[in-house]
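Heads up: the structure comes next, in structure tokens.
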Amino acid sequence: MEKSSILKGIKKAVLVGIVGLGYAFFVQKTGYAIPCLFYKITGFYCPGCGVSRMCLALLKGDIKSAFYANQMIMICIPILFFIGIKSIIEIKKYGKINKKQEGILLWCMVIGFIIFGVLRNLPEFSYLAPR
């Protein structure tokens, strides 16, 4: 059972990666990207604004530009990577995942995204806006 759940996770990650690379290729060739509907409607940046620019910068190896596009997601990437590796190790070792620890980490990230979404729209924190 544990091998099949690990394989399912890997397959999902590969699928997301393929779709993401396809989208990146499309944006690079056409210059058209999916606009943020939240920003279009409200004029405020959502916590995810700048993700397309961030991913394109990462594909080019430009970590500085990626960070300025969306600081919160760049901070969360290593945390999510850690959670994924930790989960694989726990499944291999114990046959199950410690969902309490992961839940606490994920809830901290959700709260962080909410705070980030509010702060990046305040004039004092304009440096958090996507560039």
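Every chain in the structure tokens takes a letter, A first, then B, and so on in the order presented; its residues are numbered from 1, and the ligands are numbered from 1 following the presented order.
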| said: Among region 4-123 of chain A, which ones does DSSP assign to helix (DSSP H, G or I) (computed from the backbone)? Answer as an NGL selection string. | reply: :A and (4-30 or 37-42 or 51-59 or 63-69 or 71-94 or 99-119 or 123)
| In Å, how far is it from CA of Lys92 (chain A) to CA of Ile10 (chain A)? |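 Distance reported for this atom pair: 14.5 Å.
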| Could you pull the residues within 8 Å of region 50-55 of chain A, counting only C-alpha atoms, minus those fewer than 6 positions along the same chain, as a ChimeraX atom specification? | /A:24,33,65-70,73,130-131
| query | Of the candidates A:Asn121, A:Lys100, A:Leu128, A:Ile115, which shows the shortest atom-to-atom distance to Tyr39 (chain A), using only C-alpha atoms? | reply |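 Under the stated criterion, the closest residue is A:Asn121.
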| task | Have a look at A:Gly20, A:Cys49, A:Met74, A:Glu102 and name the one nearest to Lys86 (chain A); count only C-alpha atoms. | result |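 That would be A:Glu102, the residue with the smallest distance to Lys86 (chain A).
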| field | Atom pair CA of Ile88 (chain A) / CA of Val110 (chain A): separation (Å) | value |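 Calculated distance between CA of Ile88 (chain A) and CA of Val110 (chain A) is 22.4 Å.
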| So how far away is CA of Cys76 (chain A) from CA of Cys46 (chain A), in Å? |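 Those two atoms sit 15.9 Å apart.
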